[in-house]
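Next comes entry-v7.cif, a file with mmCIF, C-alpha atoms and all ligand atoms.
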data_coords
loop_
_atom_site.label_atom_id
_atom_site.label_comp_id
_atom_site.auth_asym_id
_atom_site.auth_seq_id
_atom_site.Cartn_x
_atom_site.Cartn_y
_atom_site.Cartn_z
CA MET A 1 -36.66 13.71 -10.26
CA ALA A 2 -35.91 17.19 -11.54
CA ASP A 3 -32.38 18.59 -11.76
CA ASP A 4 -32.93 21.17 -9.04
CA LYS A 5 -34.35 18.59 -6.68
CA ILE A 6 -31.31 16.37 -7.21
CA PHE A 7 -29.05 19.36 -6.77
CA SER A 8 -30.63 20.24 -3.46
CA LYS A 9 -30.29 16.67 -2.17
CA VAL A 10 -26.67 16.50 -3.31
CA LYS A 11 -26.05 19.83 -1.61
CA ASP A 12 -27.51 18.53 1.66
CA ILE A 13 -25.25 15.51 1.55
CA VAL A 14 -22.16 17.59 0.77
CA VAL A 15 -22.97 19.99 3.59
CA GLU A 16 -23.41 17.13 6.04
CA GLN A 17 -20.45 15.00 4.93
CA LEU A 18 -17.89 17.74 4.50
CA GLY A 19 -19.18 20.06 7.19
CA VAL A 20 -19.29 23.09 4.87
CA ASP A 21 -21.80 25.94 4.58
CA GLU A 22 -24.72 25.63 2.18
CA GLY A 23 -23.59 28.84 0.48
CA GLU A 24 -20.29 27.20 -0.49
CA VAL A 25 -21.99 24.55 -2.59
CA ALA A 26 -22.87 25.47 -6.19
CA MET A 27 -23.18 23.35 -9.34
CA SER A 28 -19.59 24.13 -10.35
CA THR A 29 -18.10 23.49 -6.90
CA SER A 30 -15.16 21.08 -6.89
CA PHE A 31 -14.99 18.82 -3.84
CA VAL A 32 -11.21 18.81 -3.72
CA ASN A 33 -10.27 22.27 -4.98
CA ASP A 34 -13.10 24.31 -3.47
CA LEU A 35 -14.11 22.35 -0.40
CA GLY A 36 -10.77 20.79 0.55
CA ALA A 37 -12.04 17.21 0.45
CA ASP A 38 -9.46 14.41 0.47
CA SER A 39 -9.76 11.09 -1.36
CA LEU A 40 -11.46 9.43 1.61
CA ASP A 41 -14.00 12.26 1.92
CA ILE A 42 -14.85 11.59 -1.71
CA VAL A 43 -15.33 7.89 -0.99
CA GLU A 44 -17.71 8.72 1.85
CA LEU A 45 -19.55 11.26 -0.28
CA ILE A 46 -20.02 8.71 -3.03
CA MET A 47 -21.32 6.17 -0.52
CA ALA A 48 -23.82 8.67 0.82
CA MET A 49 -24.98 9.45 -2.73
CA GLU A 50 -25.47 5.75 -3.44
CA GLU A 51 -27.62 5.45 -0.39
CA GLU A 52 -29.65 8.57 -1.06
CA PHE A 53 -30.38 7.83 -4.71
CA ASP A 54 -30.32 4.04 -4.48
CA ILE A 55 -27.75 3.64 -7.22
CA GLU A 56 -24.38 1.95 -7.46
CA ILE A 57 -21.30 3.96 -8.37
CA PRO A 58 -18.29 1.76 -9.20
CA ASP A 59 -14.72 3.04 -8.63
CA GLU A 60 -14.24 3.75 -12.31
CA ASP A 61 -17.20 6.15 -12.40
CA ALA A 62 -16.40 7.58 -8.99
CA GLU A 63 -12.89 8.45 -10.18
CA SER A 64 -14.34 10.80 -12.81
CA ILE A 65 -16.57 12.64 -10.36
CA GLY A 66 -15.00 15.93 -9.25
CA THR A 67 -17.76 18.51 -8.95
CA VAL A 68 -21.33 18.81 -7.72
CA GLU A 69 -22.45 18.97 -11.32
CA ASP A 70 -20.70 15.66 -12.06
CA VAL A 71 -22.77 14.04 -9.33
CA VAL A 72 -26.04 15.59 -10.47
CA SER A 73 -25.59 14.50 -14.07
CA TYR A 74 -24.44 11.04 -12.99
CA VAL A 75 -27.53 10.60 -10.83
CA LEU A 76 -29.77 11.83 -13.65
CA LYS A 77 -28.20 9.33 -16.01
CA LYS A 78 -28.55 6.46 -13.57
CA MET A 79 -32.13 7.06 -12.44
CA MET B 1 7.83 -16.03 25.44
CA SER B 2 7.60 -16.96 21.80
CA LEU B 3 5.97 -14.95 19.06
CA PRO B 4 2.18 -15.18 18.89
CA SER B 5 0.50 -16.19 15.63
CA LEU B 6 -1.31 -13.73 13.38
CA LYS B 7 -4.92 -14.34 12.36
CA ILE B 8 -6.44 -12.64 9.32
CA GLY B 9 -9.89 -13.98 8.46
CA ASP B 10 -9.51 -17.76 8.38
CA LEU B 11 -5.75 -17.58 7.86
CA THR B 12 -3.28 -18.18 10.65
CA ALA B 13 0.35 -17.26 10.19
CA ARG B 14 2.52 -19.03 12.75
CA VAL B 15 4.87 -16.04 12.76
CA PRO B 16 3.16 -12.59 12.80
CA ILE B 17 5.46 -11.15 10.16
CA MET B 18 4.29 -10.11 6.73
CA GLN B 19 6.85 -9.33 4.05
CA GLY B 20 5.77 -6.07 2.46
CA GLY B 21 4.99 -6.10 -1.24
CA MET B 22 7.80 -4.40 -3.14
CA ALA B 23 7.37 -3.28 -6.71
CA VAL B 24 8.48 -3.37 -9.41
CA ARG B 25 9.45 -7.09 -9.34
CA ILE B 26 11.43 -6.90 -6.08
CA SER B 27 9.18 -9.21 -4.06
CA MET B 28 8.27 -12.02 -6.40
CA ALA B 29 7.61 -15.75 -6.04
CA LYS B 30 10.91 -16.75 -4.43
CA LEU B 31 10.96 -14.11 -1.72
CA ALA B 32 7.27 -14.50 -0.89
CA ALA B 33 7.58 -18.29 -0.74
CA ALA B 34 10.68 -18.13 1.46
CA VAL B 35 8.85 -15.95 3.99
CA ALA B 36 5.77 -18.19 3.86
CA ASN B 37 8.00 -21.22 4.44
CA GLU B 38 9.24 -19.68 7.68
CA GLY B 39 5.67 -19.28 8.91
CA GLY B 40 5.18 -15.64 7.88
CA ILE B 41 3.13 -14.15 5.08
CA GLY B 42 4.78 -13.56 1.70
CA LEU B 43 3.47 -10.93 -0.70
CA ILE B 44 4.07 -10.84 -4.43
CA ALA B 45 4.25 -7.28 -5.77
CA ALA B 46 1.73 -6.90 -8.56
CA SER B 47 2.11 -3.19 -9.37
CA GLY B 48 3.83 -2.56 -12.67
CA ILE B 49 3.37 -6.05 -14.10
CA LYS B 50 0.57 -7.59 -16.15
CA PRO B 51 -1.79 -10.34 -14.97
CA PRO B 52 -0.01 -13.20 -16.82
CA GLU B 53 3.27 -12.46 -15.02
CA LEU B 54 1.43 -12.22 -11.72
CA ILE B 55 -0.31 -15.55 -12.29
CA GLU B 56 3.01 -17.16 -13.18
CA ASN B 57 4.50 -15.89 -9.92
CA ILE B 58 1.56 -17.01 -7.82
CA ARG B 59 1.85 -20.51 -9.29
CA GLU B 60 5.60 -20.58 -8.80
CA ALA B 61 5.21 -19.49 -5.17
CA ARG B 62 2.60 -22.19 -4.61
CA SER B 63 5.00 -24.79 -5.97
CA LEU B 64 7.61 -23.65 -3.43
CA THR B 65 5.48 -23.43 -0.29
CA ASP B 66 2.27 -24.49 1.41
CA GLY B 67 2.44 -21.30 3.47
CA ILE B 68 0.46 -18.09 3.12
CA ILE B 69 0.92 -16.17 -0.13
CA GLY B 70 -0.77 -12.88 -0.96
CA ILE B 71 -0.36 -10.08 -3.44
CA ASN B 72 0.25 -6.38 -2.92
CA VAL B 73 -1.07 -3.94 -5.49
CA MET B 74 -1.43 -0.18 -5.73
CA VAL B 75 -4.95 1.09 -6.38
CA ALA B 76 -3.31 3.80 -8.50
CA VAL B 77 -2.24 1.38 -11.26
CA LYS B 78 -4.50 1.06 -14.26
CA GLU B 79 -4.33 -2.74 -14.16
CA PHE B 80 -5.57 -2.75 -10.54
CA ALA B 81 -8.91 -4.42 -11.25
CA ASN B 82 -7.41 -7.02 -13.59
CA LEU B 83 -4.61 -7.90 -11.19
CA VAL B 84 -6.97 -8.27 -8.23
CA LYS B 85 -9.38 -10.40 -10.24
CA ALA B 86 -6.59 -12.60 -11.60
CA ALA B 87 -5.26 -13.19 -8.08
CA ILE B 88 -8.72 -14.06 -6.76
CA LYS B 89 -9.14 -16.53 -9.61
CA GLU B 90 -5.81 -18.10 -8.64
CA ARG B 91 -7.24 -18.50 -5.13
CA ILE B 92 -4.69 -16.19 -3.55
CA ASP B 93 -4.71 -16.19 0.28
CA LEU B 94 -5.01 -12.43 0.72
CA ILE B 95 -4.87 -9.12 -1.11
CA VAL B 96 -3.10 -6.08 0.31
CA ALA B 97 -3.69 -2.74 -1.41
CA GLY B 98 -2.28 0.73 -0.92
CA ALA B 99 -1.79 4.04 -2.77
CA GLY B 100 -5.48 4.81 -3.11
CA PHE B 101 -8.78 3.51 -1.87
CA SER B 102 -10.91 1.10 -3.88
CA ARG B 103 -14.41 0.25 -2.75
CA ASP B 104 -14.83 -2.22 -5.59
CA ALA B 105 -11.95 -4.31 -4.27
CA PHE B 106 -13.82 -4.92 -1.01
CA LYS B 107 -16.71 -6.27 -3.05
CA TRP B 108 -14.61 -8.45 -5.37
CA CYS B 109 -12.70 -9.91 -2.44
CA ALA B 110 -15.87 -10.58 -0.44
CA GLU B 111 -17.38 -12.36 -3.44
CA GLY B 112 -14.19 -14.34 -3.97
CA LYS B 113 -13.89 -15.06 -0.23
CA VAL B 114 -10.38 -13.58 -0.14
CA PRO B 115 -9.36 -11.42 2.84
CA PHE B 116 -8.79 -7.82 1.77
CA VAL B 117 -6.26 -5.76 3.69
CA PRO B 118 -5.94 -2.03 2.90
CA ILE B 119 -2.81 -0.07 3.76
CA ILE B 120 -3.76 3.02 5.74
CA SER B 121 -2.08 5.89 7.58
CA SER B 122 -5.04 7.50 9.35
CA GLU B 123 -7.90 6.65 11.67
CA LYS B 124 -10.35 7.82 9.07
CA ALA B 125 -9.09 5.29 6.53
CA ALA B 126 -8.91 2.55 9.15
CA LYS B 127 -12.51 3.09 10.22
CA LEU B 128 -13.78 3.25 6.67
CA SER B 129 -11.86 0.05 5.85
CA GLU B 130 -13.42 -1.76 8.78
CA ARG B 131 -16.88 -0.51 7.82
CA LEU B 132 -16.42 -1.82 4.28
CA GLY B 133 -15.38 -5.27 5.50
CA ALA B 134 -11.57 -5.25 5.62
CA SER B 135 -10.13 -8.38 7.26
CA ALA B 136 -7.24 -6.38 8.73
CA VAL B 137 -5.37 -3.15 8.00
CA VAL B 138 -1.70 -2.46 7.45
CA LEU B 139 -0.84 0.75 9.27
CA GLU B 140 2.08 2.44 7.56
CA GLY B 141 3.86 5.29 9.31
CA LYS B 142 6.29 7.77 7.83
CA GLU B 143 9.29 5.47 8.34
CA ALA B 144 8.15 3.17 5.52
CA GLY B 145 9.78 2.70 2.15
CA GLY B 146 8.21 3.31 -1.23
CA HIS B 147 5.13 5.51 -1.58
CA LEU B 148 4.05 7.17 1.63
CA GLY B 149 0.59 7.90 2.99
CA THR B 150 2.16 10.20 5.57
CA THR B 151 5.53 11.97 5.74
CA HIS B 152 5.17 13.42 9.23
CA GLU B 153 3.59 10.85 11.53
CA SER B 154 5.56 7.97 12.93
CA THR B 155 4.21 4.43 13.02
CA TRP B 156 4.48 4.64 16.81
CA GLU B 157 2.40 7.82 16.98
CA ILE B 158 -0.40 6.53 14.76
CA LEU B 159 -0.61 2.98 16.10
CA PRO B 160 -2.28 3.74 19.45
CA ARG B 161 -4.95 5.81 17.71
CA ILE B 162 -5.73 3.04 15.23
CA VAL B 163 -5.86 0.49 18.04
CA LYS B 164 -8.50 2.65 19.69
CA SER B 165 -10.56 3.14 16.55
CA VAL B 166 -10.94 -0.34 15.01
CA GLY B 167 -11.48 -3.91 16.15
CA ILE B 168 -9.91 -5.72 13.18
CA PRO B 169 -6.28 -6.89 13.33
CA ILE B 170 -3.69 -4.16 12.79
CA ILE B 171 -0.40 -4.91 11.09
CA ALA B 172 2.17 -2.24 11.89
CA ALA B 173 4.60 -1.19 9.16
CA GLY B 174 7.33 1.39 8.71
CA GLY B 175 10.60 1.29 10.61
CA ILE B 176 10.29 -2.26 11.89
CA LEU B 177 13.68 -3.91 11.57
CA HIS B 178 14.41 -5.89 14.70
CA GLY B 179 12.70 -8.25 17.11
CA ALA B 180 12.49 -5.48 19.69
CA ASP B 181 10.43 -3.41 17.23
CA ILE B 182 8.05 -6.33 16.83
CA ALA B 183 7.77 -6.65 20.62
CA ARG B 184 7.02 -2.93 20.85
CA ALA B 185 4.34 -3.07 18.14
CA LEU B 186 2.62 -6.10 19.65
CA SER B 187 2.76 -4.62 23.14
CA MET B 188 0.96 -1.55 21.80
CA GLY B 189 -1.87 -3.61 20.36
CA ALA B 190 -0.76 -4.56 16.85
CA SER B 191 -1.49 -8.14 15.83
CA GLY B 192 1.50 -8.36 13.53
CA VAL B 193 4.06 -6.39 11.56
CA GLN B 194 4.89 -5.79 7.93
CA MET B 195 8.53 -5.35 6.99
CA GLY B 196 9.92 -4.04 3.71
CA SER B 197 13.52 -2.83 3.92
CA ARG B 198 14.82 -5.86 5.83
CA PHE B 199 13.43 -8.28 3.24
CA ALA B 200 14.55 -6.06 0.37
CA VAL B 201 18.11 -6.80 1.42
CA SER B 202 17.73 -10.58 1.39
CA GLU B 203 19.20 -13.29 -0.79
CA GLU B 204 15.76 -14.07 -2.16
CA SER B 205 14.68 -10.56 -3.17
CA ASN B 206 14.55 -10.27 -6.92
CA ALA B 207 17.02 -7.46 -7.60
CA ASP B 208 20.53 -7.09 -8.94
CA ILE B 209 23.35 -7.21 -6.42
CA ALA B 210 24.13 -3.55 -7.21
CA TRP B 211 20.61 -2.61 -6.07
CA LYS B 212 21.09 -4.48 -2.79
CA GLN B 213 24.56 -2.94 -2.33
CA ALA B 214 23.04 0.52 -2.81
CA LEU B 215 20.75 -0.22 0.13
CA ILE B 216 23.52 -1.65 2.30
CA ASN B 217 25.77 1.32 1.56
CA ALA B 218 23.04 3.90 2.14
CA LYS B 219 23.72 6.05 5.17
CA PRO B 220 20.87 7.99 6.78
CA GLU B 221 21.91 11.13 4.88
CA ASP B 222 21.64 9.25 1.56
CA VAL B 223 17.94 8.68 2.07
CA THR B 224 15.57 11.25 0.66
CA LEU B 225 11.95 11.99 -0.20
CA ILE B 226 10.87 12.51 -3.80
CA GLU B 227 7.64 13.29 -5.59
CA SER B 228 6.37 10.26 -7.44
CA PRO B 229 4.31 10.50 -10.64
CA VAL B 230 1.71 8.51 -8.69
CA GLY B 231 0.94 11.79 -6.92
CA MET B 232 2.40 10.74 -3.58
CA PRO B 233 5.74 11.30 -1.92
CA ALA B 234 8.11 8.33 -1.84
CA ARG B 235 11.34 7.48 -0.03
CA ALA B 236 14.38 6.51 -2.05
CA VAL B 237 18.16 6.29 -2.00
CA MET B 238 19.96 9.35 -3.40
CA THR B 239 21.04 7.80 -6.71
CA GLU B 240 22.23 9.88 -9.64
CA PHE B 241 18.72 9.63 -11.04
CA VAL B 242 17.31 11.23 -7.89
CA LYS B 243 19.94 13.97 -7.93
CA ASN B 244 18.97 14.86 -11.49
CA LEU B 245 15.33 14.76 -10.58
CA LYS B 246 15.86 17.16 -7.71
CA ALA B 247 17.93 19.48 -9.88
CA HIS B 248 15.54 19.61 -12.83
CA GLY B 249 12.14 18.72 -11.42
CA ASP B 250 11.68 16.00 -14.00
CA ASN B 251 13.59 13.24 -15.74
CA LYS B 252 11.96 12.36 -19.00
CA PRO B 253 13.14 8.99 -20.20
CA LYS B 254 13.16 8.16 -23.89
CA ILE B 255 10.64 5.39 -23.69
CA ARG B 256 7.18 4.66 -24.93
CA CYS B 257 4.57 5.47 -22.26
CA VAL B 258 2.22 2.56 -21.64
CA SER B 259 -0.11 4.60 -19.40
CA CYS B 260 0.36 2.32 -16.42
CA LEU B 261 -1.16 4.74 -13.90
CA LYS B 262 -4.73 5.98 -13.70
CA ASP B 263 -3.48 9.52 -13.17
CA CYS B 264 0.23 10.04 -13.92
CA LYS B 265 2.01 13.30 -13.08
CA LYS B 266 4.52 12.52 -15.85
CA ASN B 267 7.52 14.14 -14.15
CA TYR B 268 9.33 10.88 -14.95
CA CYS B 269 8.41 7.27 -15.66
CA ILE B 270 8.13 5.43 -12.36
CA ILE B 271 8.08 1.91 -13.84
CA ASP B 272 11.10 2.58 -16.03
CA ALA B 273 13.05 4.13 -13.14
CA LEU B 274 12.21 1.36 -10.66
CA GLU B 275 12.94 -1.38 -13.18
CA LYS B 276 16.30 0.15 -14.14
CA GLY B 277 17.18 0.43 -10.46
CA ARG B 278 16.23 -3.19 -9.89
CA GLN B 279 18.51 -4.23 -12.73
CA GLY B 280 21.38 -2.40 -11.08
CA ASP B 281 21.47 0.72 -13.29
CA LEU B 282 21.78 3.22 -10.48
CA LYS B 283 22.59 6.07 -12.85
CA ASN B 284 19.12 5.97 -14.39
CA GLY B 285 17.30 4.04 -11.72
CA LEU B 286 15.28 4.55 -8.60
CA VAL B 287 15.86 2.53 -5.42
CA PHE B 288 13.10 2.73 -2.82
CA CYS B 289 13.98 2.22 0.84
CA GLY B 290 12.69 2.74 4.35
CA GLU B 291 13.91 5.46 6.70
CA ARG B 292 16.03 3.07 8.76
CA ILE B 293 17.83 1.43 5.85
CA GLY B 294 21.16 2.64 7.25
CA GLU B 295 20.88 0.04 10.02
CA ILE B 296 20.85 -2.87 7.57
CA LYS B 297 24.42 -3.99 6.98
CA GLU B 298 24.29 -7.35 5.25
CA ILE B 299 22.39 -9.49 2.82
CA LEU B 300 20.87 -12.40 4.70
CA SER B 301 18.67 -15.32 3.71
CA VAL B 302 15.02 -15.09 4.71
CA LYS B 303 15.61 -18.05 7.01
CA GLU B 304 18.33 -16.15 8.90
CA ILE B 305 16.29 -12.94 8.97
CA ILE B 306 13.30 -14.62 10.58
CA LYS B 307 15.45 -16.69 12.93
CA ASN B 308 17.12 -13.49 14.15
CA LEU B 309 13.81 -11.71 14.54
CA VAL B 310 12.35 -14.55 16.60
CA GLN B 311 15.42 -14.63 18.86
CA GLU B 312 15.52 -10.87 19.25
CA TYR B 313 11.83 -10.84 20.06
CA GLU B 314 12.26 -13.47 22.73
CA GLN B 315 15.12 -11.54 24.26
CA ALA B 316 13.11 -8.35 24.19
CA VAL B 317 10.12 -9.78 26.02
CA SER B 318 11.97 -12.03 28.49
CA PRO B 319 12.58 -10.74 31.97
CA VAL B 320 16.36 -10.43 32.24
CA GLY B 321 17.89 -13.03 34.51
CA ILE B 322 15.32 -15.75 34.00
CA TYR B 323 15.98 -16.66 30.40
CA GLY B 324 19.28 -14.80 30.06
C1 LIG A 401 11.98 -1.29 -2.43
C2 LIG A 401 10.62 -1.11 -1.84
C3 LIG A 401 9.51 -1.22 -2.66
C4 LIG A 401 8.22 -1.08 -2.13
N1 LIG A 401 7.14 -1.25 -2.95
C5 LIG A 401 5.89 -1.23 -2.42
C6 LIG A 401 4.75 -1.53 -3.24
O1 LIG A 401 4.85 -1.84 -4.42
N2 LIG A 401 3.53 -1.49 -2.64
C7 LIG A 401 3.38 -1.19 -1.32
O2 LIG A 401 2.25 -1.18 -0.85
N3 LIG A 401 4.44 -0.91 -0.53
C8 LIG A 401 5.67 -0.94 -1.06
N4 LIG A 401 6.76 -0.71 -0.22
C9 LIG A 401 6.55 -0.55 1.23
C10 LIG A 401 6.77 -1.88 1.96
O3 LIG A 401 5.84 -2.86 1.55
C11 LIG A 401 6.69 -1.74 3.48
O4 LIG A 401 5.39 -1.43 3.91
C12 LIG A 401 7.61 -0.69 4.04
O5 LIG A 401 8.84 -0.75 3.39
C13 LIG A 401 7.76 -0.88 5.53
O6 LIG A 401 8.76 -0.09 6.08
P1 LIG A 401 10.25 -0.67 6.36
O7 LIG A 401 10.94 -0.64 5.03
O8 LIG A 401 10.80 0.29 7.34
O9 LIG A 401 10.11 -2.07 6.86
C14 LIG A 401 8.06 -0.80 -0.75
C15 LIG A 401 9.19 -0.67 0.05
C16 LIG A 401 10.46 -0.83 -0.46
C17 LIG A 401 11.64 -0.70 0.45
#
Can you present the structure in this file as structure tokens?
Amino acid sequence: MADDKIFSKVKDIVVEQLGVDEGEVAMSTSFVNDLGADSLDIVELIMAMEEEFDIEIPDEDAESIGTVEDVVSYVLKKM
Amino acid sequence: MSLPSLKIGDLTARVPIMQGGMAVRISMAKLAAAVANEGGIGLIAASGIKPPELIENIREARSLTDGIIGINVMVAVKEFANLVKAAIKERIDLIVAGAGFSRDAFKWCAEGKVPFVPIISSEKAAKLSERLGASAVVLEGKEAGGHLGTTHESTWEILPRIVKSVGIPIIAAGGILHGADIARALSMGASGVQMGSRFAVSEESNADIAWKQALINAKPEDVTLIESPVGMPARAVMTEFVKNLKAHGDNKPKIRCVSCLKDCKKNYCIIDALEKGRQGDLKNGLVFCGERIGEIKEILSVKEIIKNLVQEYEQAVSPVGIYG
């Protein structure tokens, strides 16, 4: 899968899970600082990503994910 | 009417009272075993210690009781995974975890067939816990001691909402001191209670007498909220350490940092401060307590504490005039 395709899927998930506008989600967007996500939102986001991309993201990796870009590069690495 | 039992997974506690885990080293083998011996659930506090010390305490507790023994550990500590895995290997009865949310722990506990019980303060966390396979949840309101998931919502405000949102057993915590509080929690749909402050001031809790005296002497105005390096607020007694902290914003101890937390704010060393407090050094130490600590006036044995709670509960639920 290409980067931009992953980005657009990640964006869809973020929009749905956090209830934000598509325009608010860029590569550099931070879930906590820019979108006001709390730690549980992050957990749910990570779970949705796992489902979408059929990968497993353990706590340790999840704890280092803070931005949309972090997710995209993680997914790229795992797929 | 006597107290109902508390079921968590395949476990049945004859008395629906769980002794809250209290770190660092406040609730260890002796306290946990004493509570388990009275039919409740005893929790060994694993935060701030290493797996070998935890294993030693689990084994000691087992040698003292056939009752239910669990551990309590904060997700925020770096040793979290190792502590949970060590406890599962020791065939611990249950694992209670707060200060963070770990999905891995659900998996490890499911694989090890150990009930996992997250500590939560919101419906969102309760629902997510149930979805991930929690055996029960501890609901902690703002009245609790130690690190707080909420500083503005009372146990009694949150409880009804949690009762509505999940089907797993709910253990109410924060501000439960007397049998009447237990009656109130159960009548609102909780399956049991967790108590910290009351058991902190017991003969069996593992702290210096000066630490226990600080709790007994604490009046409501001596109780305050502080920012913990864990990144959460916490409730503590206004010791000299806390006064300094409030005046300066930090309290750097001259010690070697062992990086015990995944993400430490470094305004002071939480382990050092809690351990000094436990050893009775109130000048340099931190003493955690619940909001209602001012109502606790004497050090009692666990046996007396539970006997009183059972009696008070029975009085609270009995129609006056029939049973007295
Ligand atoms: C001295 C002290 C230490 C505590 N340490 C922990 C801890 O390590 N982990 C935890 O989950 N809760 C901790 N707590 C919270 C208790 O387990 C319990 O949930 C809380 O105190 C309940 O409120 P209560 O004190 O009004 O009974 C601590 C509480 C006290 C008073």
Shortest contact to Glu51 (chain A), candidates A:Val75, A:Leu35, A:Val20, A:Val15, atoms counted all atoms listed in the file, goes to A:Val75
Report task. Skip His178 (chain B) itself and residues of its chain fewer than 3 positions away, then list as a list of chain:residue names all residues within 9 Å of it, counting all atoms listed in the file. Result -> B:Asp181, B:Ile182, B:Ala183, B:Arg198, B:Asn308, B:Leu309, B:Glu312, B:Tyr313
- Distance filter 10 Å, only C-alpha atoms, chain A against chain B, as a VMD selection string: chain A and resid 39 to 41 43 to 44 47 57 to 60 62 to 63
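Computed from the coordinates, the CA of Leu139 (chain B) to atom C13 of ligand LIG 401 (chain A) distance equals 9.5 Å.
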Given the choices B:Leu215, B:Leu300, B:Leu11, B:Ile209, which gets closest to ligand LIG 401 (chain A) if the distance is worked out from all atoms listed in the file?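 Of the candidates, the smallest distance to ligand LIG 401 (chain A) is held by B:Leu215.
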Next item on the list: Could I get the residue neighbourhood of ligand LIG 401 (chain A) at 9 Å, counting only C-alpha atoms and all ligand atoms, as number ranges by chain?
Entry: B: 19-27, 43, 45-48, 72-74, 96-99, 119, 138-148, 172-177, 193-201, 235-236, 274, 278, 287-293
If you count only C-alpha atoms, the residue of A:Leu18, A:Val32, A:Ala2, A:Ile46 closest to Met79 (chain A) turns out to be A:Ala2
